[in-house]
Amino acid sequence: MTTNNNNSNIIQVVDLYKNFGKLEVLKGITTEIKVGEVVVVIGPSGSGKSTFLRCLNYLETPTSGDIIFNGEVINPKTNLNKLRQDMGMVFQRFNLFPHKKVIDNITLGPLKVRKQSKEEATEQALNLLEKVGLSDKANSYPDQLSGGQQQRVAIARALAMRPKVMLFDEPTSALDPEMIGEVLEVMKELAREGMTMVVVTHEMGFAKEVGDRVIFMDDGKIAEQNSPEELFSNPQNPRTRSFLSKII
Amino acid sequence: MDFRWDLVWESMPLLLEGAWLTVKLTAIAVFFGIIIGTIMGMLRITRTPFRYLAAVYIDFTRGTPLLVQIFIIFYGIPAIINTSLPAYLSAVIALSFNSGAYVAEIVRAGIQSIDKGQVEAAQSLGMTYTQTMKYIILPQTFRRIVPPLGNEFIALLKDSSLVSAIALEELVRKGNIIMTRTFRPFEVWFAVALIYLIMTFTISRLVALAEKNLRVGDSA
C-alpha cells in the first residue's frame, strides 16, 4: 500500500536513471504528471529530455528507477504492451507506416491491438482525420503528404488508441517553418479538450499558451520546473536563464 | 562445318522436357528457400541463442559448394542412416537448403535497412514483436528485397544444373544425353544456353514488374 499515491497523478517518475554504456543520460529524475496536465519539457540538446520521454513508455528501458502509470509500477516483462496502448506517442520524424494508406495507418492499432471491429475502427479513424483537418487524405499514402500533414496523421494514429496520455517528442522539429503552425494548432486543440500531454519541444509559444507546467532539464536532471509564466519571466536557476536568453 | 539448325530444332522436345524439370525444381526451392530464409534471417538478428544456429547454417551453406551439399544429401546422409533418398527429393532438399541461406542474408539486410522508427512506432501502439514483424517490418522488407531476391532466383535456376550430377534429367542432363547421341556439342549446348536465357530473362522481367507494382508508398 502506498499512501502517497495521489489519485490525480497519472504518471509518477521515481528516481529515474538511464545510462547508455558509460554515458549517464538521466541522473535521477523524480516528478509526476497529473490527469489533464500539459507538461512541456525544454532544455539544451543532450540534456536528456527525449530520453526522459522515451523512458515513460519504455522505448528506452530505464537503468534504474520506476515509472508508475495509473498506480501500477511498470514491469517491462508483464505489462508493457498494455502501458503503450494507453500512452500515445508522436515522433519527431512522424514514423508513419509508408506501405499503408493513411486510413490504414490509423486503424491498424485499434484493429490488431484493441481488437475493434473494422467498422468501428474505420469510423473512428475518419472522425480523427476530420479533427486533424485531413478528411480528404484517407486514401493517400504517407509519402504523398507534406511533413505537416504526415505529423497530423501521426497524431490521429496515436489518438485512435484512445490513450490516457500523449507523449510528443519534438513534434515540430523536422518540419518546414510554414507547417509548424498547423501541427501546433492540433496539439493546442487536444490540450483544450483536456488531454494529458507531455511535450518535448522548442516551441516556447506553445508552452506559454497551453502549458500548465514547464520542466527545464539540464545535464540529465530537472534543473527547474514551474508554471510557464513564472519560469519564462522569472527563472531561478542560472542555467535556465542562460538557456532562455539563447532561444527567446 | 556448318551450323545445323535442324538439330537444334529436333533437340527441343527433349530439352524442354528437361527445362520443365529445371523450372519445377527451381520453383519448389524458391518456395522453401523463402520460408527457410525468412525464418533464418529473422533468427539471425534476434537476441536468442537461435541466432547462433542461424549463423552456423548460413556460414556452412555459403562456405561450401552446392555440388558438395548435393552429394552429402544424396550419398552421404543415406549411407549413415542406411537408407536411400530419391534423387528428386535430394535435389529439392539441397537446393532449398542452399537457397535458404542466401535468402536469409538478403532478409536480414532488408530488415536492418528498415528505419528503426518503424519498430518504435509499432511498439508505441502496443504491438507485440510478432505483430510488429507481421504488419510493419516484413511487408516493407519484402518490397525492398525484390531485386536481390530476383538475382538469387536467377542464380538458383542456373545452379540447379548441378543436380545433373545425381542423374536427374533436368536441362543440362538432357543436353548431355542428346550430345552423346549426336556428337554435335555446339548445336546442343547452344540450344541449352538459349533455353536457360529465355528462362532467366523471363524471371528478370517478372521481377522488374513486381518491383514496379510494389513500389507503392515506399520512397524511403
# chains A, B, ... in the order shown; residues from 1 in each chain; ligands from 1
$ interface_residues --of "chain B" --to "chain A" --cutoff "12 Å" --atoms "only C-alpha atoms" --output "VMD selection string"
chain B and resid 114 to 132 134 to 144 214 to 220
$ residues_around --residues "region 85-100 of chain B" --least-positions-apart "5" --cutoff "8 Å" --atoms "only C-alpha atoms" --output "list of chain:residue names"
B:Leu25, B:Thr26, B:Ile28, B:Ala29, B:Val30, B:Phe31, B:Phe32, B:Gly33, B:Ile34, B:Ile35, B:Ile36, B:Gly37, B:Thr38, B:Met40, B:Thr61, B:Arg62, B:Leu66, B:Gln69, B:Ile70, B:Ile73, B:Phe74, B:Pro78, B:Glu152, B:Leu156, B:Ser160, B:Val163, B:Ile166, B:Ala167, B:Leu168
$ atom_distance --atom1 "CA of Ile39 (chain B)" --atom2 "CA of Thr22 (chain B)"
25.5 Å
$ select_by_dssp --residues "region 48-173 of chain A" --states "alpha helix (DSSP H)" --output "compact mmCIF listing (two decimals) with C-alpha atoms, in the first residue's frame"
# COMPACT_ATOMS: atom_id res chain seq x y z
CA LYS A 49 14.71 15.39 -22.41
CA SER A 50 13.96 12.97 -25.28
CA THR A 51 15.42 10.06 -23.32
CA PHE A 52 13.21 11.02 -20.38
CA LEU A 53 10.14 10.99 -22.60
CA ARG A 54 11.13 7.68 -24.20
CA CYS A 55 11.58 6.11 -20.77
CA LEU A 56 7.98 6.93 -19.92
CA LEU A 80 4.50 -3.15 -21.33
CA ASN A 81 2.13 -3.50 -24.28
CA LYS A 82 -0.80 -2.55 -22.10
CA LEU A 83 1.07 0.55 -20.94
CA ARG A 84 1.86 1.55 -24.50
CA GLN A 85 -1.73 1.19 -25.60
CA VAL A 102 -3.40 6.99 -44.18
CA ILE A 103 -6.64 5.34 -43.07
CA ASP A 104 -4.86 2.01 -42.51
CA ASN A 105 -2.11 3.69 -40.54
CA ILE A 106 -4.79 4.91 -38.18
CA THR A 107 -6.92 1.76 -37.96
CA LEU A 108 -4.04 -0.71 -37.59
CA GLY A 109 -3.59 -0.29 -33.83
CA PRO A 110 -7.30 -0.35 -32.98
CA LEU A 111 -7.85 -3.42 -35.21
CA LYS A 112 -4.87 -5.53 -34.20
CA LYS A 118 -13.44 -2.89 -38.88
CA GLU A 119 -16.49 -0.61 -38.97
CA GLU A 120 -15.80 0.89 -35.57
CA ALA A 121 -12.10 1.45 -36.30
CA THR A 122 -12.80 3.00 -39.70
CA GLU A 123 -15.49 5.31 -38.40
CA GLN A 124 -13.24 6.46 -35.60
CA ALA A 125 -10.32 6.97 -37.99
CA LEU A 126 -12.47 9.14 -40.28
CA ASN A 127 -13.56 11.23 -37.30
CA LEU A 128 -9.95 11.68 -36.24
CA LEU A 129 -8.92 12.66 -39.76
CA GLU A 130 -11.65 15.27 -39.74
CA LYS A 131 -10.39 16.51 -36.39
CA GLY A 147 5.52 16.92 -43.41
CA GLY A 148 2.88 18.83 -41.51
CA GLN A 149 0.14 16.59 -42.88
CA GLN A 150 2.12 13.47 -42.01
CA GLN A 151 2.57 14.66 -38.45
CA ARG A 152 -1.15 15.35 -38.13
CA VAL A 153 -1.85 11.81 -39.35
CA ALA A 154 0.67 10.54 -36.78
CA ILE A 155 -1.26 12.37 -34.06
CA ALA A 156 -4.50 10.85 -35.31
CA ARG A 157 -2.87 7.41 -35.34
CA ALA A 158 -1.82 7.78 -31.71
CA LEU A 159 -5.25 9.14 -30.69
$ select_by_dssp --residues "chain A" --states "strand (DSSP E or B)" --output "ChimeraX atom specification"
/A:9-20,23-34,38-42,64-69,72-73,87-90,165-169,196-200,213-218,221-226
$ atom_distance --atom1 "CA of Ile177 (chain B)" --atom2 "CA of Ile77 (chain B)"
28.3 Å
